[in-house]
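**Q** Structure provided below as C-alpha cells; questions to follow.
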Amino acid sequence: MQKNESLIELKNVIKCFNGSIQKFTALNNVNMVIKKGEFVVLTGKSGSGKSTLLNMISGIDVPTSGHIIVNNVPLHNMSGNQLAIWRGTNIGIVFQFFQLLPTLTVLENVILPMEFAGIIPISQQRKRGIELLESVGLQNQLNKYPNLLSGGEKQRVAIARSLANNPKIIVADEPTGNLDSFNAEIIYDLFNFLNQQGKTIIYVTHDRNINLNYTRIVKLVDGQIDEIIINEESQFNNTGVSL
C-alpha cells in the first residue's frame with residue numbers, strides 16, 4: 001500500500017443507542033477517509049461522538065448502518081468474535097485509564113496481547129516485550145506491578161502493550177487526560193515518534209493545545225464532522241497528498 005492510499009474508510013456511518021426514554025444518535029452520517037501514515041486528531045465536547053467513532057474504527061463496536069472498511073476489511077460485516085480476533089492483530093489501543101491488569105507485572109502486561117493473538121512465537125515474546133519497554137524508557141521497571149508506577153509510567157506501559165503485535169494502526173482515547181503537563185509531553189513525543197515510524201494514529205482529545213505533529217484535526221459536534229483543520233506544516237501534507 002502506498003502512503004497516499006486509503007487505509008480507513010467510513011461511509012454514511014450512523015450509530016444509535018436506545019436510551020430509557022428515546023433513541024440517541026451518537027454518530028450521524030459520518031464519512032471519512034484516513035490514509036496510511038496519517039496522524040488524525042479527533043476533538044469535540046463530551047458526547048460529540050469522538051469515542052464512539054474511535055470504537056467504530058477499532059472494531060470495539062459496530063455501526064447501526066453504514067460501512068467501515070479498514071485495510072480492505074469490511075468491519076461492518078463481521079461478527080463480534082471475528083472483530084475481536086481482527087482487532088488483536090491489527091489495532092493497538094491506548095486508553096485514558098491505562099487498563100493494565102494489576103495482578104501482572106509490567107512485562108507480563110505487555111506480553112499478554114502476544115499470547116492472545118499468537119502472531120509472535122512464544123520463544124520471542126519475552127524478548128519483544130523487553131524491547132518494547134526499553135523503547136518507552138521503562139527497561140528498569142519490568143518486574144514491577146502497575147500499582148507501583150506513576151500515571152505517566154502506566155501510560156507508557158500501555159503504549160508499549162499497544163505495540164505488542166506490531167499493528168498498523170494505533171488508536172488513543174484521551175491518553176493524557178489523567179497526566180500532568182510534564183508526563184503529557186512525554187506521551188506526545190512517543191506518539192510523534194510512532195507516527196514517524198509509519199504507524200497510522202487516530203488520537204482523541206478535548207485539548208487543542210497539544211504538541212502533536214498531526215496531519216489534521218477533525219472536530220465533531222453532535223455526532224457529525226463540523227470542522228477539519230489541516231496542518232500545513234506536517235511533512236505528510238507537504239507530499240502533495242490530498243486529504
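Simple scheme: letters A, B, ... for chains in C-alpha cells order, numbers from 1 for residues in each chain, numbers from 1 for ligands in the order shown.
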For Glu38 of chain A, list every protein, DNA or RNA residue within 6 Å, evaluated using only C-alpha atoms, and leave out those in the same chain fewer than 2 positions away; present the list as a PyMOL selection string.
**A** chain A and resi 35-36+200+215
**Q** Generate the output file for the selected residues, C-alpha atoms, as an mmCIF file, in the first residue's frame.
**A**
```
data_model
loop_
_atom_site.group_PDB
_atom_site.id
_atom_site.type_symbol
_atom_site.label_atom_id
_atom_site.label_comp_id
_atom_site.auth_asym_id
_atom_site.auth_seq_id
_atom_site.Cartn_x
_atom_site.Cartn_y
_atom_site.Cartn_z
ATOM 1 C CA LYS A 35 -4.714 7.439 4.681
ATOM 2 C CA LYS A 36 -1.786 5.255 5.609
ATOM 3 C CA THR A 200 -1.247 5.464 11.430
ATOM 4 C CA THR A 215 -1.895 15.803 9.748
#
```
**Q** Please run DSSP on the backbone and report, as number ranges by chain, all residues within segment 82-236 of chain A that come out as strand (DSSP E or B).
**A** A: 91-94, 169-173, 200-204, 216-221, 224-230
**Q** Next, write the just-selected residues to a file, as an mmCIF file, in the first residue's frame, keeping N, CA and C atoms as the atom set.
**A**
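Below you can see result16.cif, which holds the result:
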```cif
data_model
loop_
_atom_site.group_PDB
_atom_site.id
_atom_site.type_symbol
_atom_site.label_atom_id
_atom_site.label_comp_id
_atom_site.auth_asym_id
_atom_site.auth_seq_id
_atom_site.Cartn_x
_atom_site.Cartn_y
_atom_site.Cartn_z
ATOM 1 N N ILE A 91 -4.966 -3.672 15.455
ATOM 2 C CA ILE A 91 -5.162 -2.390 16.128
ATOM 3 C C ILE A 91 -4.450 -2.385 17.477
ATOM 4 N N GLY A 92 -3.736 -1.318 17.749
ATOM 5 C CA GLY A 92 -3.202 -1.089 19.084
ATOM 6 C C GLY A 92 -4.046 -0.021 19.758
ATOM 7 N N ILE A 93 -4.503 -0.287 20.982
ATOM 8 C CA ILE A 93 -5.415 0.629 21.660
ATOM 9 C C ILE A 93 -4.774 1.156 22.945
ATOM 10 N N VAL A 94 -4.820 2.481 23.104
ATOM 11 C CA VAL A 94 -4.321 3.123 24.320
ATOM 12 C C VAL A 94 -5.485 3.864 24.969
ATOM 13 N N ILE A 169 -2.165 0.303 12.931
ATOM 14 C CA ILE A 169 -2.970 1.432 13.403
ATOM 15 C C ILE A 169 -2.939 1.489 14.932
ATOM 16 N N ILE A 170 -2.724 2.689 15.465
ATOM 17 C CA ILE A 170 -2.812 2.926 16.904
ATOM 18 C C ILE A 170 -3.959 3.902 17.147
ATOM 19 N N VAL A 171 -4.885 3.535 18.020
ATOM 20 C CA VAL A 171 -5.958 4.449 18.405
ATOM 21 C C VAL A 171 -5.777 4.776 19.888
ATOM 22 N N ALA A 172 -5.979 6.048 20.211
ATOM 23 C CA ALA A 172 -5.748 6.506 21.583
ATOM 24 C C ALA A 172 -6.907 7.363 22.035
ATOM 25 N N ASP A 173 -7.510 6.989 23.158
ATOM 26 C CA ASP A 173 -8.675 7.705 23.673
ATOM 27 C C ASP A 173 -8.278 8.503 24.912
ATOM 28 N N THR A 200 -0.103 4.573 11.610
ATOM 29 C CA THR A 200 -1.247 5.464 11.430
ATOM 30 C C THR A 200 -1.901 5.648 12.792
ATOM 31 N N ILE A 201 -2.138 6.898 13.185
ATOM 32 C CA ILE A 201 -2.621 7.166 14.542
ATOM 33 C C ILE A 201 -3.906 7.971 14.492
ATOM 34 N N ILE A 202 -4.901 7.519 15.272
ATOM 35 C CA ILE A 202 -6.135 8.276 15.495
ATOM 36 C C ILE A 202 -6.197 8.566 16.987
ATOM 37 N N TYR A 203 -6.213 9.847 17.323
ATOM 38 C CA TYR A 203 -5.978 10.301 18.693
ATOM 39 C C TYR A 203 -7.134 11.195 19.140
ATOM 40 N N VAL A 204 -7.837 10.771 20.178
ATOM 41 C CA VAL A 204 -8.975 11.533 20.710
ATOM 42 C C VAL A 204 -8.517 12.410 21.865
ATOM 43 N N ARG A 216 -4.119 16.383 10.534
ATOM 44 C CA ARG A 216 -5.329 17.204 10.572
ATOM 45 C C ARG A 216 -6.080 16.974 11.881
ATOM 46 N N ILE A 217 -6.821 17.977 12.285
ATOM 47 C CA ILE A 217 -7.730 17.881 13.415
ATOM 48 C C ILE A 217 -9.145 17.814 12.861
ATOM 49 N N VAL A 218 -9.910 16.839 13.328
ATOM 50 C CA VAL A 218 -11.305 16.684 12.923
ATOM 51 C C VAL A 218 -12.180 16.962 14.137
ATOM 52 N N LYS A 219 -12.974 18.030 14.057
ATOM 53 C CA LYS A 219 -13.838 18.400 15.169
ATOM 54 C C LYS A 219 -15.235 17.839 14.948
ATOM 55 N N LEU A 220 -15.738 17.157 15.982
ATOM 56 C CA LEU A 220 -17.082 16.589 15.936
ATOM 57 C C LEU A 220 -18.040 17.423 16.779
ATOM 58 N N VAL A 221 -19.236 17.628 16.268
ATOM 59 C CA VAL A 221 -20.312 18.290 17.006
ATOM 60 C C VAL A 221 -21.584 17.486 16.786
ATOM 61 N N GLN A 224 -21.513 14.672 14.202
ATOM 62 C CA GLN A 224 -21.194 14.984 12.815
ATOM 63 C C GLN A 224 -19.858 15.719 12.740
ATOM 64 N N ILE A 225 -19.189 15.587 11.595
ATOM 65 C CA ILE A 225 -17.950 16.320 11.381
ATOM 66 C C ILE A 225 -18.287 17.785 11.127
ATOM 67 N N ASP A 226 -17.803 18.649 12.016
ATOM 68 C CA ASP A 226 -18.144 20.068 11.950
ATOM 69 C C ASP A 226 -17.036 20.899 11.305
ATOM 70 N N GLU A 227 -15.791 20.472 11.500
ATOM 71 C CA GLU A 227 -14.659 21.275 11.037
ATOM 72 C C GLU A 227 -13.444 20.377 10.855
ATOM 73 N N ILE A 228 -12.638 20.666 9.848
ATOM 74 C CA ILE A 228 -11.379 19.965 9.622
ATOM 75 C C ILE A 228 -10.267 21.002 9.502
ATOM 76 N N ILE A 229 -9.255 20.861 10.340
ATOM 77 C CA ILE A 229 -8.116 21.778 10.316
ATOM 78 C C ILE A 229 -6.897 20.998 9.847
ATOM 79 N N ILE A 230 -6.363 21.381 8.702
ATOM 80 C CA ILE A 230 -5.212 20.696 8.130
ATOM 81 C C ILE A 230 -3.931 21.363 8.618
#
```
**Q** Ranking A:Val40, A:Val62, A:Val70, A:Ala160 by minimum distance to Glu134 of chain A and counting only C-alpha atoms, which one comes first?
**A**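 Between A:Val40, A:Val62, A:Val70, A:Ala160, the residue approaching Glu134 of chain A most closely is A:Ala160.
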**Q** May I ask which of the residues A:Ile14, A:Ile130, A:Met114, A:Ile21 is the closest one to Asp222 of chain A, counting only C-alpha atoms?
**A**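 Of the candidates, the smallest distance to Asp222 of chain A is held by A:Ile14.
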**Q** Would you mind reading off the distance between atom CA of Leu133 of chain A and atom CA of Glu153 of chain A, one decimal, in Å?
**A** 10.4 Å
**Q** Restricting the calculation to only C-alpha atoms, which member of A:Ile186, A:Leu54, A:Cys16, A:Ala164 is positioned closest to Val41 of chain A?
**A**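 For Val41 of chain A, the nearest of the candidates is A:Leu54.
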**Q** In Å to one decimal, how far is atom CA of Leu42 of chain A from atom CA of Gln22 of chain A?
**A**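 That distance, rounded to one decimal, is 26.7 Å.
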**Q** May I ask for the distance between atom CA of Thr25 of chain A and atom CA of Gln96 of chain A, given in Å to one decimal place?
**A** 23.7 Å
**Q** Go through segment 13-58 of chain A and collect every residue that DSSP, computed from the backbone, puts in helix (DSSP H, G or I); the answer should be as an MDAnalysis selection string.
**A** chainID A and resid 50:58
